[in-house]
Amino acid sequence: MRGIVLALLLTLAGDQKFQNKPVFEDGHAYFFNYEGVIENTMHGDDLGEAAMRMNAKIVIYGQSREHIFRFKSIELEDSVGFHSRQEFHAPPKQPEELTTCLQYSYFFEYDGRIRAVHVPNETPVLCANLVKGALNMLYVTLEKQTTYELQEDGIEGECQTQYVIQEDKSRNVIITRTKNLNNCNKKVVRNLGMSYLNVLPNCTLSERMVQGTTSYVMKLKRLNGRNSQITEVESQQVFQVSPISEADGAGVMRAWQRLSLTDEQTQQVPDVAVKGKGERRTENIHYEFPEDLPQMIINVGEPEARVGEILEELNHLVDIPVEALPKYAELTQQIRRLNLRSLQKLFKNNEEKPRARQALLLGIIYAGNSNTLKFIRDKVVKEELPPHELYWIVPITLHFANPEISKVDETARVAAEIIEKCSTINSFWLQKLVFLAHGTLTFKQCSQVRPCPSKFLEPLHNYLSEAIRENNENKMILGMKAIGNAALPDSLKMIKPLTESSKYSVYIQAVAVQTLMRIGKQNPEVVQRILLPIYMNSSRSIIIRKLACMGLFEINPQPVLVTAIATAALNDSDMDFVSFVYCQLKAWANVRIPAYLHLARACKLALKLMDSVLDRVKYQYSKVVHLSIFNSFHRTGLLGKWFLIDDPRSMFLSNIVFKTEMFFHGVMIQPFEFALHAEGIKEWLWQQNFPFEKYSTHQKIKDTEAKFQDFKHVPLQKPLLSASFRMLGKEHMFFTPDELMHMMKLGGGKLLSAETWQMVYVFFKIIDVQTTQVLNVEVRKIQPCSLGLPFEGYFILTNVISGSLNCARNSHTFPFYFSFQGRGRYFWGINAGCAQYLVEMIAKYRTRATLSLNTTMDKRTKNLKVDIEPFHDRFELGLAGHEAHVVARYPHNEKKAPVLPEAPEIDILDTEFKSRRSENQVRISLCMHASCAKCHYLLILQQRGEYYKPKSEDRCIRLPVYPVKACLETLKKTKDVVSVRRTWLHLLCEAHEFRAVLTTDVAVDKISCEFQQDHEIPRSKREVRPDDDEDEDIYEAKKGGRKEVYMFSFRSVKQQLELVLHAHLHFVCHDKKLYGLDVVIYKGPETVQTTVKDINRPNKPVAFFKASMPSPHKVVTSLTGMLDSRDYRFAMELETGWLDKYPALRWKLDYPRLPPLLTNLTEPIAARIPGVAYMLGFLHKFQRNTPNQIALVMALSGPRTYAVVLRLPNQGTIYAEDCMLPLPIPFSPTVHTSKIWDVPSRILASLNGVCKVEGQTITTFKEETIHVGLVPDCYLDLLQDCTCHKKIMVLMKYANDNSILLNTTIANTEIIFKSLNGQLISIINGTEGRLEKLKGGIEDEGIRMVINKPAESVLVLSAPNVGLHEMTYNGYNVMITVTPKLGIACGACELYGVDSEKLRTPSGSSAKDLMSFAQSWVVSDAQDGVDITDKAARLISAVVKVKIRNLEENPDIEPEGASPGVSKQTTSLRCSERVIKYIPPERFGQITICLVHTPDSYEDILKLPEQQQIAWKKAMQDKLQSLR
């Protein structure tokens, strides 16, 4: 019991001991010394630092309700270099912004916590933040425990804070609190240009770009009662910056603060301390960002004057040097300081100066604040900008605008005015660019403030609503894509109905689903509830369901939803859809990116629910491929996603989507995305312009279709093609279907047509362009440090593209100039506007090209001469360099020092002759050359053997025939610094500069090229016989006492090469010497040969190339060349053949010896091939292969699958059996191996369809075999155009002798093939055709048909214009080959041209079996001949029925003229019971045309004229005879 009481007393005493809150007593003045130090450097010891120290004297006047804070003095010091904390120096002048802080009094409410801060209204933000930095040290939250954790407010926001309270020997309280700045609820931070970064919530701490922590130690002296007095506070803060990754090096910012009580006095508050108390603003302890953020330049003088100076300088620069690029960045920074009136004035002053005007506009649009946005608004609304400038000024302005968040309502209003004005301009292209950019601006603004002002989304919603009312698909697409860029959940009500209503086209629904996908990144739960029903609805379009499936996975679903997706697919009957879902699951299951690990695990589990047989699904179904790479050491990764979505109605893909994602620092960005949507491609590729609806065939097919019950034709797809491009997750450009189809129609649908080339020619003839474009990218992350100063990570990249091309002045001269250069700057440190203390890295690069051609062409002699203006002495191809410094920067003053320490000079005796002294002596000698700070580095270098030895890094390659050498020059050596850590960031802190240059040994005066073609080439004796295999015989003969020598060449019959081109490339130098090359090209029937010779050494060719075809299946090429006085030879073979049972192609390369340069390049790549192949799913087998030989075999196992075998000389064999092609190749595995030149035609031929009739058996296009249900004596619709075009029909009937009669109708031509008494007869429009008269073919309304007889027993009909490649007929067998030009065909041959259900009947449904399918295509009473009327056909049908009925009643009675081989089956009723039109023979054609009265009965026939009676009676007899 006594122990319990003691414990309670101790607890009570403990509670009382730690509840002494700090106070400032009323009527007391507390005097403090305040010191703050900030260091910016690299991670490591004794590296260069940019440090600043702030010393101040502070007085706090205690009052009853609020206390007063004043600076009595304040000054800055800096130190730049190594050991900077030991050597601080005051700047030449203290910043005025800092000394201004002495004028004001600051009021704060304090009870241990800083409840509020009151500052005069005119107080600069810098001063208020410095006060908060000091007051933040006084902040303490006391609890009853001695150790506790809570979210505590402070200058950085509400962050996780750990408290430890202790007591020293003097019973003073020591409070230690540590803040985790990576775990804050209301973190004070400002991100600019980072709205495209998606923060991953589950990333580890080491993956973040900026990490920070702060610790405070507060000493309290007990006072009487429960109060205490602050005597001293110390704090230490560390920020770590990892621009690349933590493993690649990090920058460090360290801050120290010390606040110590020096005196306490009892005195009243002086009058100066309470001045302005009534005119003040109230703030919390949080750091406050100024309205105009500090720029990277130090504010010096008036910005308007400085902008004018920069514009004047840029206006006089024709060729902008890379050193001038900082002026563009400074121009943008200075413009941000200008008001709207100054912008208007500057624009007016420079409006007549083209370069200055463009530079000013570029600076304005990249400045991106409220004033620049208003400036552009005024120019657009007042129509003060020419139309062509609107296309780039307005979109870039909206994309890069990032005004102050506090003015978000004003920004929304200004942007809406720009949108409204651009909507009135009749240019859909401008509207596309502007609305997409407005969506991006909306996203950037609304992602930083909630709720988003309705004025932002109002223009987009109104535009989409108007488009829906007008049913304008192009506007609907634009509205949805702009809303997708905004990606706000408030738009869901607008988009959802577009995904659910069937009254919108499939493409509109697809765009709506994709828009939901973008919004789902912000609100995944709601969007998933919309997409899931679409995914599960089997009645919806399969393309829409697949896109919904994509959207569900793109939103990163939870495991429960993944399981639901897989379960729904299991119950779906569409194999194509199930395969797509399976591919999605399998692709995600293999992703190795940590951010998607939970999704990958969920997909692996879901795969166990599905059948593994889907692994063997081949080309005919959609595919999804994900390729992920992640480096766990550097914590960076890349994910590529490839979606191939099939169209069930076509052999072509409907959607191709390629997406990329990059991961670093716990964020994800989407660099680019490309999407292509296509429909009706086949219809567009094989479109025809014939008036099919005017042909008699159209009506005949239509009448025949009417005789089928509920015939349904296959609707044609409207040709549709659209494309879109997204960058950084936002869509920047897209092409609507109408726009792309209009482009594709250019030149009659052929992009390489004569009309297209003519347009290109005219374009180049009038072109005269000189332009300079600037791209400015700026990214900033600003957060406060403990002193109340802004700590910033800043990156800016300025790219300038300049170019000129003039073809208009002289049609023979083409001057061209191009340059691309850029300058990047990255720093971290303190950027207070009036002073900067930074670690700064600068990189620059430049490349340029210039060319001036003068051409002369003689068409008659086939001669082309080109003169090129050479460069003189030296030409820079490219420049790249970087450097780093630590910097302290003030107005008109700057201090710099290197980041890495310099290595001292070392005596060569100390390094090269180590054997003469002991190791310890060497160490002592090394350390004598440097301070102790560098001794550590020197010892490490000694162990590594990396002493500094100056050596040239310049490398040059001399061109063999041109007196020029290409050099890579290292202009600044970097071996004079010590870098212990070899990380990327440390490497960037060194200084490197490289130049790629061309230098001439002798000045070149002229470069001349001449090309001479064909027979005009002057031939020498040697050139007459280019084949090295030819022999030469020489003999002498005496003639008339004189000796004459004759030279003859014996030429082999196997090779007769013809000289086709002789080219000269000559360099005329200043020393009158001639350099250059001669190129001679020969060709033969199966050989091409090229020889390149140096004109100064013609006996030894520089290069010799030969390509030959020893067989139709093999091509052999060889290349022999000389480099560095050594001969090298490469041989390559390309051969078609077989791999197993599949047609294959083999490529083989032999290289007996490689140049050292190629060896150095290829060996590291070859060593990584097995590893990369393994990651891609290939198998690897270690075995010995032929040295110095690479062999690749590819076999096509399906239109989108192939097998591959790769044999490498040292890395074994890599192979795979079922690889997938990104696009389908319509090539069947059954195709025989081809001659090489036949491969393209064979691929096209595999698109053809083949239907065969062999006796009583039909083999359909889909290789179904039908031998039942084929009704004799009835016409069968074998093949017809099943679309609305109705351009061809082929009817078939079995005759009495089991021969086949074909009736083919094309255009206005009817062609009948039949066999009579063993002879093949062709009847064309009722007249028997004689083949010798038809050799020229039949021309009918532009459609050409050809009938030939390649053999006595075969007839062949072809009509390529309508897709009938060949119809072969021999009386008993028929083979029909059709091409894609036919479109979509149906009939007993089954469907062709669309991948749909099998055994399609005329009604569009699938037959249950082959018999019902065949009988569904039987046409009743169709005959060859001329159409009489429906009533005559009914009359004949009635007579036929009577005859058949009599036969059924008296089966023993043989009908007249019956053949013993004819069956008495009653199935003939199947064709006679239908009402059809009867076509009498051609010999009655003339009589038929004269018929006026149509008989209704046999009695009516008897009333007709005698000749007509004979015709009708004969027709009836023929019909009865056919039925037997």
# chains A, B, ... in the order shown; residues from 1 in each chain; ligands from 1

call {"tool": "select_by_dssp", "arguments": {"residues": "region 73-294 of chain A", "states": "alpha helix (DSSP H)", "output": "list in words"}}
result
Glu96, Glu97, Leu98, Thr99, Val125, Leu126, Cys127, Ala128, Asn129, Leu130, Val131, Lys132, Gly133, Ala134 and Leu135 of chain A

call {"tool": "write_last_selection", "arguments": {"atoms": "N, CA, C and O atoms", "output": "PDB file, in the first residue's frame"}}
result
ATOM      1  N   GLU A  96      18.563  45.995 -48.890  1.00  0.00           N
ATOM      2  CA  GLU A  96      17.591  46.950 -48.370  1.00  0.00           C
ATOM      3  C   GLU A  96      16.350  46.256 -47.837  1.00  0.00           C
ATOM      4  O   GLU A  96      15.746  46.705 -46.854  1.00  0.00           O
ATOM      5  N   GLU A  97      15.956  45.166 -48.488  1.00  0.00           N
ATOM      6  CA  GLU A  97      14.767  44.445 -48.039  1.00  0.00           C
ATOM      7  C   GLU A  97      14.941  43.917 -46.613  1.00  0.00           C
ATOM      8  O   GLU A  97      13.960  43.778 -45.881  1.00  0.00           O
ATOM      9  N   LEU A  98      16.195  43.657 -46.234  1.00  0.00           N
ATOM     10  CA  LEU A  98      16.464  43.123 -44.898  1.00  0.00           C
ATOM     11  C   LEU A  98      16.468  44.241 -43.861  1.00  0.00           C
ATOM     12  O   LEU A  98      15.890  44.105 -42.769  1.00  0.00           O
ATOM     13  N   THR A  99      17.113  45.350 -44.157  1.00  0.00           N
ATOM     14  CA  THR A  99      17.177  46.457 -43.203  1.00  0.00           C
ATOM     15  C   THR A  99      15.810  47.088 -42.979  1.00  0.00           C
ATOM     16  O   THR A  99      15.568  47.700 -41.926  1.00  0.00           O
ATOM     17  N   VAL A 125       6.739  40.818 -47.008  1.00  0.00           N
ATOM     18  CA  VAL A 125       6.545  39.400 -46.692  1.00  0.00           C
ATOM     19  C   VAL A 125       7.832  38.794 -46.157  1.00  0.00           C
ATOM     20  O   VAL A 125       7.810  37.935 -45.268  1.00  0.00           O
ATOM     21  N   LEU A 126       8.989  39.233 -46.673  1.00  0.00           N
ATOM     22  CA  LEU A 126      10.261  38.702 -46.201  1.00  0.00           C
ATOM     23  C   LEU A 126      10.433  38.948 -44.703  1.00  0.00           C
ATOM     24  O   LEU A 126      10.863  38.055 -43.959  1.00  0.00           O
ATOM     25  N   CYS A 127      10.078  40.123 -44.248  1.00  0.00           N
ATOM     26  CA  CYS A 127      10.232  40.443 -42.828  1.00  0.00           C
ATOM     27  C   CYS A 127       9.290  39.609 -41.974  1.00  0.00           C
ATOM     28  O   CYS A 127       9.680  39.088 -40.915  1.00  0.00           O
ATOM     29  N   ALA A 128       8.055  39.470 -42.417  1.00  0.00           N
ATOM     30  CA  ALA A 128       7.098  38.673 -41.650  1.00  0.00           C
ATOM     31  C   ALA A 128       7.565  37.228 -41.539  1.00  0.00           C
ATOM     32  O   ALA A 128       7.424  36.599 -40.476  1.00  0.00           O
ATOM     33  N   ASN A 129       8.149  36.689 -42.602  1.00  0.00           N
ATOM     34  CA  ASN A 129       8.611  35.303 -42.564  1.00  0.00           C
ATOM     35  C   ASN A 129       9.833  35.139 -41.671  1.00  0.00           C
ATOM     36  O   ASN A 129       9.993  34.113 -40.996  1.00  0.00           O
ATOM     37  N   LEU A 130      10.716  36.147 -41.642  1.00  0.00           N
ATOM     38  CA  LEU A 130      11.860  36.067 -40.738  1.00  0.00           C
ATOM     39  C   LEU A 130      11.412  36.073 -39.288  1.00  0.00           C
ATOM     40  O   LEU A 130      11.975  35.369 -38.429  1.00  0.00           O
ATOM     41  N   VAL A 131      10.392  36.858 -38.983  1.00  0.00           N
ATOM     42  CA  VAL A 131       9.849  36.887 -37.621  1.00  0.00           C
ATOM     43  C   VAL A 131       9.265  35.526 -37.272  1.00  0.00           C
ATOM     44  O   VAL A 131       9.470  34.992 -36.173  1.00  0.00           O
ATOM     45  N   LYS A 132       8.528  34.931 -38.224  1.00  0.00           N
ATOM     46  CA  LYS A 132       7.940  33.614 -37.972  1.00  0.00           C
ATOM     47  C   LYS A 132       9.027  32.563 -37.770  1.00  0.00           C
ATOM     48  O   LYS A 132       8.852  31.620 -36.990  1.00  0.00           O
ATOM     49  N   GLY A 133      10.154  32.711 -38.497  1.00  0.00           N
ATOM     50  CA  GLY A 133      11.250  31.768 -38.313  1.00  0.00           C
ATOM     51  C   GLY A 133      11.813  31.814 -36.907  1.00  0.00           C
ATOM     52  O   GLY A 133      12.194  30.784 -36.342  1.00  0.00           O
ATOM     53  N   ALA A 134      11.885  33.024 -36.324  1.00  0.00           N
ATOM     54  CA  ALA A 134      12.379  33.152 -34.951  1.00  0.00           C
ATOM     55  C   ALA A 134      11.327  32.697 -33.950  1.00  0.00           C
ATOM     56  O   ALA A 134      11.633  31.990 -32.978  1.00  0.00           O
ATOM     57  N   LEU A 135      10.062  33.083 -34.169  1.00  0.00           N
ATOM     58  CA  LEU A 135       8.997  32.690 -33.249  1.00  0.00           C
ATOM     59  C   LEU A 135       8.762  31.184 -33.275  1.00  0.00           C
ATOM     60  O   LEU A 135       8.319  30.604 -32.272  1.00  0.00           O
TER      61      LEU A 135
END

call {"tool": "residues_around", "arguments": {"residues": "Leu436 (chain A)", "least_positions_apart": "2", "cutoff": "9 Å", "atoms": "only C-alpha atoms", "output": "VMD selection string"}}
result
chain A and resid 395 399 431 to 434 438 to 441 478 to 479 481 to 486 730 to 733

call {"tool": "write_last_selection", "arguments": {"atoms": "N, CA, C and O atoms", "output": "PDB file, in the first residue's frame"}}
result
ATOM      1  N   PRO A 395      -2.393  28.826 -77.482  1.00  0.00           N
ATOM      2  CA  PRO A 395      -2.214  27.525 -76.812  1.00  0.00           C
ATOM      3  C   PRO A 395      -1.032  27.492 -75.863  1.00  0.00           C
ATOM      4  O   PRO A 395      -1.148  26.959 -74.751  1.00  0.00           O
ATOM      5  N   HIS A 399      -1.134  26.686 -71.874  1.00  0.00           N
ATOM      6  CA  HIS A 399      -0.403  25.521 -71.367  1.00  0.00           C
ATOM      7  C   HIS A 399       0.597  25.915 -70.285  1.00  0.00           C
ATOM      8  O   HIS A 399       0.785  25.173 -69.307  1.00  0.00           O
ATOM      9  N   GLN A 431      -9.625  26.105 -82.560  1.00  0.00           N
ATOM     10  CA  GLN A 431     -10.450  25.712 -81.425  1.00  0.00           C
ATOM     11  C   GLN A 431      -9.879  24.473 -80.739  1.00  0.00           C
ATOM     12  O   GLN A 431      -9.871  24.375 -79.504  1.00  0.00           O
ATOM     13  N   LYS A 432      -9.396  23.514 -81.533  1.00  0.00           N
ATOM     14  CA  LYS A 432      -8.790  22.324 -80.937  1.00  0.00           C
ATOM     15  C   LYS A 432      -7.612  22.698 -80.047  1.00  0.00           C
ATOM     16  O   LYS A 432      -7.523  22.263 -78.889  1.00  0.00           O
ATOM     17  N   LEU A 433      -6.694  23.480 -80.576  1.00  0.00           N
ATOM     18  CA  LEU A 433      -5.504  23.836 -79.817  1.00  0.00           C
ATOM     19  C   LEU A 433      -5.845  24.617 -78.555  1.00  0.00           C
ATOM     20  O   LEU A 433      -5.285  24.372 -77.483  1.00  0.00           O
ATOM     21  N   VAL A 434      -6.799  25.541 -78.658  1.00  0.00           N
ATOM     22  CA  VAL A 434      -7.122  26.413 -77.533  1.00  0.00           C
ATOM     23  C   VAL A 434      -7.908  25.658 -76.464  1.00  0.00           C
ATOM     24  O   VAL A 434      -7.617  25.780 -75.261  1.00  0.00           O
ATOM     25  N   HIS A 438      -6.834  24.981 -72.693  1.00  0.00           N
ATOM     26  CA  HIS A 438      -7.665  25.450 -71.579  1.00  0.00           C
ATOM     27  C   HIS A 438      -7.943  24.318 -70.588  1.00  0.00           C
ATOM     28  O   HIS A 438      -7.969  24.532 -69.372  1.00  0.00           O
ATOM     29  N   GLY A 439      -8.139  23.107 -71.104  1.00  0.00           N
ATOM     30  CA  GLY A 439      -8.308  21.970 -70.207  1.00  0.00           C
ATOM     31  C   GLY A 439      -7.083  21.751 -69.341  1.00  0.00           C
ATOM     32  O   GLY A 439      -7.188  21.443 -68.140  1.00  0.00           O
ATOM     33  N   THR A 440      -5.899  21.918 -69.918  1.00  0.00           N
ATOM     34  CA  THR A 440      -4.663  21.774 -69.142  1.00  0.00           C
ATOM     35  C   THR A 440      -4.553  22.853 -68.067  1.00  0.00           C
ATOM     36  O   THR A 440      -4.171  22.572 -66.921  1.00  0.00           O
ATOM     37  N   LEU A 441      -4.879  24.096 -68.420  1.00  0.00           N
ATOM     38  CA  LEU A 441      -4.852  25.178 -67.436  1.00  0.00           C
ATOM     39  C   LEU A 441      -5.833  24.906 -66.304  1.00  0.00           C
ATOM     40  O   LEU A 441      -5.522  25.122 -65.124  1.00  0.00           O
ATOM     41  N   LEU A 478     -13.969  17.103 -79.484  1.00  0.00           N
ATOM     42  CA  LEU A 478     -13.116  18.139 -78.910  1.00  0.00           C
ATOM     43  C   LEU A 478     -13.541  18.462 -77.478  1.00  0.00           C
ATOM     44  O   LEU A 478     -12.689  18.590 -76.581  1.00  0.00           O
ATOM     45  N   GLY A 479     -14.849  18.602 -77.256  1.00  0.00           N
ATOM     46  CA  GLY A 479     -15.311  18.916 -75.910  1.00  0.00           C
ATOM     47  C   GLY A 479     -14.908  17.860 -74.906  1.00  0.00           C
ATOM     48  O   GLY A 479     -14.453  18.175 -73.793  1.00  0.00           O
ATOM     49  N   LYS A 481     -12.400  15.646 -75.134  1.00  0.00           N
ATOM     50  CA  LYS A 481     -10.952  15.586 -74.962  1.00  0.00           C
ATOM     51  C   LYS A 481     -10.448  16.751 -74.114  1.00  0.00           C
ATOM     52  O   LYS A 481      -9.518  16.589 -73.310  1.00  0.00           O
ATOM     53  N   ALA A 482     -11.049  17.930 -74.263  1.00  0.00           N
ATOM     54  CA  ALA A 482     -10.674  19.054 -73.409  1.00  0.00           C
ATOM     55  C   ALA A 482     -11.066  18.789 -71.960  1.00  0.00           C
ATOM     56  O   ALA A 482     -10.310  19.087 -71.028  1.00  0.00           O
ATOM     57  N   ILE A 483     -12.246  18.198 -71.758  1.00  0.00           N
ATOM     58  CA  ILE A 483     -12.665  17.829 -70.406  1.00  0.00           C
ATOM     59  C   ILE A 483     -11.732  16.751 -69.849  1.00  0.00           C
ATOM     60  O   ILE A 483     -11.430  16.736 -68.651  1.00  0.00           O
ATOM     61  N   GLY A 484     -11.263  15.851 -70.710  1.00  0.00           N
ATOM     62  CA  GLY A 484     -10.300  14.852 -70.276  1.00  0.00           C
ATOM     63  C   GLY A 484      -8.999  15.482 -69.812  1.00  0.00           C
ATOM     64  O   GLY A 484      -8.367  14.993 -68.868  1.00  0.00           O
ATOM     65  N   ASN A 485      -8.556  16.550 -70.465  1.00  0.00           N
ATOM     66  CA  ASN A 485      -7.359  17.254 -69.999  1.00  0.00           C
ATOM     67  C   ASN A 485      -7.600  17.901 -68.638  1.00  0.00           C
ATOM     68  O   ASN A 485      -6.703  17.927 -67.792  1.00  0.00           O
ATOM     69  N   ALA A 486      -8.807  18.441 -68.426  1.00  0.00           N
ATOM     70  CA  ALA A 486      -9.121  19.031 -67.126  1.00  0.00           C
ATOM     71  C   ALA A 486      -9.214  17.956 -66.048  1.00  0.00           C
ATOM     72  O   ALA A 486      -8.796  18.159 -64.912  1.00  0.00           O
ATOM     73  N   LYS A 730      -1.312  14.927 -70.927  1.00  0.00           N
ATOM     74  CA  LYS A 730      -2.308  15.840 -71.472  1.00  0.00           C
ATOM     75  C   LYS A 730      -2.294  15.774 -72.996  1.00  0.00           C
ATOM     76  O   LYS A 730      -1.226  15.706 -73.618  1.00  0.00           O
ATOM     77  N   GLU A 731      -3.494  15.827 -73.551  1.00  0.00           N
ATOM     78  CA  GLU A 731      -3.613  15.736 -75.004  1.00  0.00           C
ATOM     79  C   GLU A 731      -3.299  17.095 -75.613  1.00  0.00           C
ATOM     80  O   GLU A 731      -3.890  18.118 -75.245  1.00  0.00           O
ATOM     81  N   HIS A 732      -2.374  17.093 -76.546  1.00  0.00           N
ATOM     82  CA  HIS A 732      -1.964  18.346 -77.180  1.00  0.00           C
ATOM     83  C   HIS A 732      -2.486  18.456 -78.609  1.00  0.00           C
ATOM     84  O   HIS A 732      -2.626  19.564 -79.121  1.00  0.00           O
ATOM     85  N   MET A 733      -2.719  17.326 -79.253  1.00  0.00           N
ATOM     86  CA  MET A 733      -3.217  17.366 -80.619  1.00  0.00           C
ATOM     87  C   MET A 733      -3.930  16.062 -80.922  1.00  0.00           C
ATOM     88  O   MET A 733      -3.536  14.996 -80.458  1.00  0.00           O
TER      89      MET A 733
END

call {"tool": "atom_distance", "arguments": {"atom1": "CA of Val1172 (chain A)", "atom2": "CA of Leu987 (chain A)"}}
result
27.9 Å

call {"tool": "residues_around", "arguments": {"residues": "Cys1389 (chain A)", "least_positions_apart": "5", "cutoff": "7 Å", "atoms": "only C-alpha atoms", "output": "PDB file with N, CA, C and O atoms, in the first residue's frame"}}
result
ATOM      1  N   CYS A1251     -13.155 -20.352-102.762  1.00  0.00           N
ATOM      2  CA  CYS A1251     -14.302 -21.230-102.563  1.00  0.00           C
ATOM      3  C   CYS A1251     -14.306 -22.246-103.698  1.00  0.00           C
ATOM      4  O   CYS A1251     -14.165 -21.870-104.871  1.00  0.00           O
ATOM      5  N   THR A1260     -15.996 -24.007 -98.425  1.00  0.00           N
ATOM      6  CA  THR A1260     -16.272 -22.580 -98.280  1.00  0.00           C
ATOM      7  C   THR A1260     -14.992 -21.783 -98.057  1.00  0.00           C
ATOM      8  O   THR A1260     -13.888 -22.333 -97.930  1.00  0.00           O
ATOM      9  N   PHE A1261     -15.184 -20.467 -97.981  1.00  0.00           N
ATOM     10  CA  PHE A1261     -14.046 -19.576 -97.698  1.00  0.00           C
ATOM     11  C   PHE A1261     -13.407 -19.908 -96.366  1.00  0.00           C
ATOM     12  O   PHE A1261     -12.201 -19.728 -96.189  1.00  0.00           O
ATOM     13  N   LEU A1278     -24.525 -19.130-104.717  1.00  0.00           N
ATOM     14  CA  LEU A1278     -23.171 -19.542-104.340  1.00  0.00           C
ATOM     15  C   LEU A1278     -22.373 -18.380-103.772  1.00  0.00           C
ATOM     16  O   LEU A1278     -21.674 -18.508-102.775  1.00  0.00           O
ATOM     17  N   LEU A1279     -22.514 -17.234-104.406  1.00  0.00           N
ATOM     18  CA  LEU A1279     -21.701 -16.074-104.007  1.00  0.00           C
ATOM     19  C   LEU A1279     -22.402 -14.818-104.464  1.00  0.00           C
ATOM     20  O   LEU A1279     -22.872 -14.737-105.601  1.00  0.00           O
TER      21      LEU A1279
END

call {"tool": "residues_around", "arguments": {"residues": "Val1068 (chain A)", "least_positions_apart": "6", "cutoff": "12 Å", "atoms": "only C-alpha atoms", "output": "VMD selection string"}}
result
chain A and resid 867 to 870 961 to 963 1002 to 1009 1074 to 1076

call {"tool": "closest_residue", "arguments": {"among": "A:Glu902, A:Val866, A:Glu417, A:Lys781", "to": "Phe82 (chain A)", "atoms": "only C-alpha atoms"}}
result
A:Glu902

call {"tool": "residues_around", "arguments": {"residues": "Lys179 (chain A)", "least_positions_apart": "2", "cutoff": "8 Å", "atoms": "only C-alpha atoms", "output": "JSON, numbers by chain"}}
result
{"A": [159, 160, 161, 162, 177, 181, 213, 214, 215]}

call {"tool": "write_last_selection", "arguments": {"atoms": "N, CA, C and O atoms", "output": "CSV table (one decimal), in the first residue's frame"}}
result
chain,number,residue,atom,x,y,z
A,159,CYS,N,3.1,19.1,-38.9
A,159,CYS,CA,4.0,18.0,-39.2
A,159,CYS,C,4.1,17.1,-38.0
A,159,CYS,O,3.9,17.5,-36.8
A,160,GLN,N,4.5,15.8,-38.2
A,160,GLN,CA,4.7,14.8,-37.2
A,160,GLN,C,5.9,15.3,-36.3
A,160,GLN,O,7.0,15.5,-36.8
A,161,THR,N,5.6,15.3,-35.0
A,161,THR,CA,6.6,15.8,-34.0
A,161,THR,C,6.7,14.9,-32.9
A,161,THR,O,5.7,14.4,-32.3
A,162,GLN,N,8.0,14.6,-32.5
A,162,GLN,CA,8.3,13.7,-31.4
A,162,GLN,C,8.8,14.5,-30.2
A,162,GLN,O,9.8,15.3,-30.4
A,177,ARG,N,12.4,18.4,-29.3
A,177,ARG,CA,11.3,18.0,-30.2
A,177,ARG,C,11.9,17.8,-31.6
A,177,ARG,O,12.7,18.6,-32.1
A,181,LEU,N,9.5,16.4,-41.5
A,181,LEU,CA,9.0,17.3,-42.6
A,181,LEU,C,8.4,16.5,-43.8
A,181,LEU,O,7.9,17.2,-44.7
A,213,THR,N,14.1,17.2,-42.1
A,213,THR,CA,13.8,17.0,-40.7
A,213,THR,C,14.4,18.1,-39.9
A,213,THR,O,15.4,18.8,-40.4
A,214,THR,N,13.8,18.4,-38.8
A,214,THR,CA,14.2,19.5,-37.9
A,214,THR,C,14.2,19.1,-36.5
A,214,THR,O,13.2,18.4,-36.1
A,215,SER,N,15.2,19.5,-35.7
A,215,SER,CA,15.2,19.2,-34.3
A,215,SER,C,15.4,20.5,-33.5
A,215,SER,O,16.2,21.3,-33.9

call {"tool": "atom_distance", "arguments": {"atom1": "CA of Val513 (chain A)", "atom2": "CA of Gly666 (chain A)"}}
result
28.4 Å
